[in-house]
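Asks: Here it is, the structure, as structure tokens.
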Amino acid sequence: SLYTANLTAYLTFKRVGIPIDNIKDLLKQKDLKWGVITDRITEARLLNHVDDTYAKIVMDGDTISNLTEAIQRVKQGNFVFIDERSVLDYNFRDDCDLVKFVNEIQSSEWAFGLHKYSPYISVINKVLLRLREEEYFTRLKKTWYEGDSTCDGQSVGSDSPFELATLAGLFYTLAIAILVCVILLFCEYIYAASRDFRKSPDKSLYQHLKTRLCYKVCDICREWMGRCKGGEQNLGALTKVNNINDNILFDLS
């Protein structure tokens, strides 16, 4: 869950002719007033931001004592209410005359605090991942933050896609599995060529390795393209010279 500061105004800024692209633009105009509810997380984040402009926005804005007052001021018009996305989405979800502008100022995450090596860590992670894959949180958000609103094109925010860091464990596991498969295949390839060498010592181990590789390539070509040019003739000649059973020659298939 993320904290995100947003702007909410009564009319679209294009209609009233005020170019507002981000929260800092409030300081450049005099037609709209703005405010933040006192003694709340949004005010604290703005006042303690590394950019002093945000603190100036709080100090130059109107003082709002509670959420009810903020909602009334917004509906009266010419007022911008600055608060978290969740607050704005829930309280203004059915007001089609309002326009909610997203302006990310600072974000932070909520997390479960557990003891180190707690057996519940993997359980909670699996449940959260499953719920996210099933879009449970998306449905929950639509139920509480969108409801039956018919307002078109005025919803705030969007679903966050999986980031690469979220799936890093899956990619690592897949890479390890591929590496293990390649190593096993190589070991089997060496073993089969060594067995051929013991049965037909008149050729070097390198020649047997090369023969095995040619057979494997030919096998792949036959599987994908339905044919292997020169494969049958080479197979017959090599089988006759090496006196190796066909089942042994193709045990890697």
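In the structure tokens, each chain is lettered A, B, ... as it comes, each chain's residues begin at 1, and ligands are numbered from 1 in order of appearance.
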Can you list every residue in region 41-232 of chain A that DSSP puts in helix (DSSP H, G or I), as a PyMOL selection string?
Replies: chain A and resi 41-47+52-60+67-76+85-91+120-133+136-146+168-199+205-225+231-232
Asks: Between CA of Leu27 (chain A) and CA of Ile57 (chain A), measure the distance and give it in Å to one decimal.
Replies: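 Computed distance, CA of Leu27 (chain A) to CA of Ile57 (chain A), equals 7.0 Å.
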Asks: Which residues come within 12 Å of Ala55 (chain A), counting only C-alpha atoms, excluding same-chain residues fewer than 3 positions away, as a PDB file with N, CA and C atoms, in the first residue's frame?
Replies:
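Okay, this is what ended up in around.pdb:
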ATOM      1  N   ILE A  23       1.721  20.175  -8.238  1.00  0.00           N
ATOM      2  CA  ILE A  23       1.372  20.887  -7.013  1.00  0.00           C
ATOM      3  C   ILE A  23       2.143  22.203  -6.856  1.00  0.00           C
ATOM      4  N   LYS A  24       3.334  22.278  -7.428  1.00  0.00           N
ATOM      5  CA  LYS A  24       4.132  23.502  -7.308  1.00  0.00           C
ATOM      6  C   LYS A  24       3.525  24.669  -8.078  1.00  0.00           C
ATOM      7  N   LEU A  27       1.639  27.806  -6.427  1.00  0.00           N
ATOM      8  CA  LEU A  27       2.307  29.023  -5.960  1.00  0.00           C
ATOM      9  C   LEU A  27       2.418  30.082  -7.056  1.00  0.00           C
ATOM     10  N   GLY A  35      -5.377  23.873   0.471  1.00  0.00           N
ATOM     11  CA  GLY A  35      -5.160  23.591   1.880  1.00  0.00           C
ATOM     12  C   GLY A  35      -4.913  22.123   2.157  1.00  0.00           C
ATOM     13  N   VAL A  36      -4.342  21.870   3.335  1.00  0.00           N
ATOM     14  CA  VAL A  36      -4.056  20.519   3.813  1.00  0.00           C
ATOM     15  C   VAL A  36      -4.613  20.397   5.222  1.00  0.00           C
ATOM     16  N   THR A  42      -0.078  13.769   5.595  1.00  0.00           N
ATOM     17  CA  THR A  42       0.206  14.544   4.381  1.00  0.00           C
ATOM     18  C   THR A  42       0.901  15.852   4.720  1.00  0.00           C
ATOM     19  N   GLU A  43       0.406  16.544   5.757  1.00  0.00           N
ATOM     20  CA  GLU A  43       1.031  17.796   6.170  1.00  0.00           C
ATOM     21  C   GLU A  43       2.475  17.552   6.616  1.00  0.00           C
ATOM     22  N   ALA A  44       2.685  16.491   7.390  1.00  0.00           N
ATOM     23  CA  ALA A  44       4.031  16.184   7.882  1.00  0.00           C
ATOM     24  C   ALA A  44       4.990  15.879   6.734  1.00  0.00           C
ATOM     25  N   ARG A  45       4.519  15.164   5.740  1.00  0.00           N
ATOM     26  CA  ARG A  45       5.375  14.826   4.606  1.00  0.00           C
ATOM     27  C   ARG A  45       5.765  16.072   3.816  1.00  0.00           C
ATOM     28  N   LEU A  46       4.827  16.972   3.630  1.00  0.00           N
ATOM     29  CA  LEU A  46       5.125  18.194   2.881  1.00  0.00           C
ATOM     30  C   LEU A  46       6.089  19.090   3.654  1.00  0.00           C
ATOM     31  N   LEU A  47       5.853  19.230   4.952  1.00  0.00           N
ATOM     32  CA  LEU A  47       6.702  20.106   5.762  1.00  0.00           C
ATOM     33  C   LEU A  47       8.125  19.573   5.893  1.00  0.00           C
ATOM     34  N   ASN A  48       8.281  18.261   5.868  1.00  0.00           N
ATOM     35  CA  ASN A  48       9.601  17.659   6.065  1.00  0.00           C
ATOM     36  C   ASN A  48      10.250  17.200   4.764  1.00  0.00           C
ATOM     37  N   HIS A  49       9.695  17.593   3.643  1.00  0.00           N
ATOM     38  CA  HIS A  49      10.255  17.210   2.353  1.00  0.00           C
ATOM     39  C   HIS A  49      11.589  17.923   2.130  1.00  0.00           C
ATOM     40  N   VAL A  50      12.486  17.272   1.390  1.00  0.00           N
ATOM     41  CA  VAL A  50      13.797  17.871   1.124  1.00  0.00           C
ATOM     42  C   VAL A  50      13.683  19.134   0.267  1.00  0.00           C
ATOM     43  N   ASP A  51      12.604  19.213  -0.508  1.00  0.00           N
ATOM     44  CA  ASP A  51      12.356  20.401  -1.327  1.00  0.00           C
ATOM     45  C   ASP A  51      11.534  21.392  -0.504  1.00  0.00           C
ATOM     46  N   ASP A  52      12.088  22.549  -0.206  1.00  0.00           N
ATOM     47  CA  ASP A  52      11.407  23.544   0.629  1.00  0.00           C
ATOM     48  C   ASP A  52      10.137  24.092  -0.010  1.00  0.00           C
ATOM     49  N   VAL A  58       2.372  24.378   2.163  1.00  0.00           N
ATOM     50  CA  VAL A  58       1.589  24.200   3.388  1.00  0.00           C
ATOM     51  C   VAL A  58       1.414  25.528   4.118  1.00  0.00           C
ATOM     52  N   MET A  59       2.482  26.277   4.247  1.00  0.00           N
ATOM     53  CA  MET A  59       2.430  27.534   5.006  1.00  0.00           C
ATOM     54  C   MET A  59       1.600  28.605   4.299  1.00  0.00           C
ATOM     55  N   ASP A  60       1.604  28.608   2.972  1.00  0.00           N
ATOM     56  CA  ASP A  60       0.823  29.603   2.229  1.00  0.00           C
ATOM     57  C   ASP A  60      -0.621  29.184   2.012  1.00  0.00           C
ATOM     58  N   GLY A  61      -0.929  27.921   2.292  1.00  0.00           N
ATOM     59  CA  GLY A  61      -2.290  27.436   2.088  1.00  0.00           C
ATOM     60  C   GLY A  61      -3.196  27.724   3.269  1.00  0.00           C
ATOM     61  N   ILE A 105       4.264  12.930  -4.660  1.00  0.00           N
ATOM     62  CA  ILE A 105       5.241  13.728  -3.927  1.00  0.00           C
ATOM     63  C   ILE A 105       6.218  12.823  -3.190  1.00  0.00           C
TER      64      ILE A 105
END
Asks: What are the DSSP strand (DSSP E or B) residues of region 15-219 of chain A, as a VMD selection string?
Replies: chain A and resid 33 to 37 62 to 64 79 to 84 99 to 102 109
Asks: What is the CA of Lys33 (chain A)-CA of Ile82 (chain A) distance in Å, reported with one decimal?
Replies: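 Separating CA of Lys33 (chain A) from CA of Ile82 (chain A) is a distance of 10.9 Å.
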Asks: Between A:Glu135, A:Glu109, A:Leu140, A:Ile64, which residue has the minimum interatomic distance to Arg40 (chain A), considering only C-alpha atoms?
Replies: A:Ile64
Asks: Measuring between only C-alpha atoms, which one of A:Val217, A:Leu209, A:Ile37, A:Ala70 shows the shortest distance to Arg195 (chain A)?
Replies: A:Leu209
Asks: Take CA of Cys187 (chain A) and CA of Thr173 (chain A) and report the distance between them in Å, one decimal.
Replies: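 Interatomic distance here is 21.2 Å.
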Asks: In terms of the shortest atom-to-atom distance over only C-alpha atoms, which of A:Ile178, A:Ile20, A:Leu205, A:Leu67 is closest to Tyr191 (chain A)?
Replies: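 Nearest candidate to Tyr191 (chain A) out of A:Ile178, A:Ile20, A:Leu205, A:Leu67: A:Leu205.
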Asks: Would you mind telling me which residue in A:Lys75, A:Arg222, A:Lys203, A:Arg212 lies nearest to Asn91 (chain A) when using only C-alpha atoms?
Replies: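 Checking each of A:Lys75, A:Arg222, A:Lys203, A:Arg212 against Asn91 (chain A), counting only C-alpha atoms, the winner is A:Lys75.
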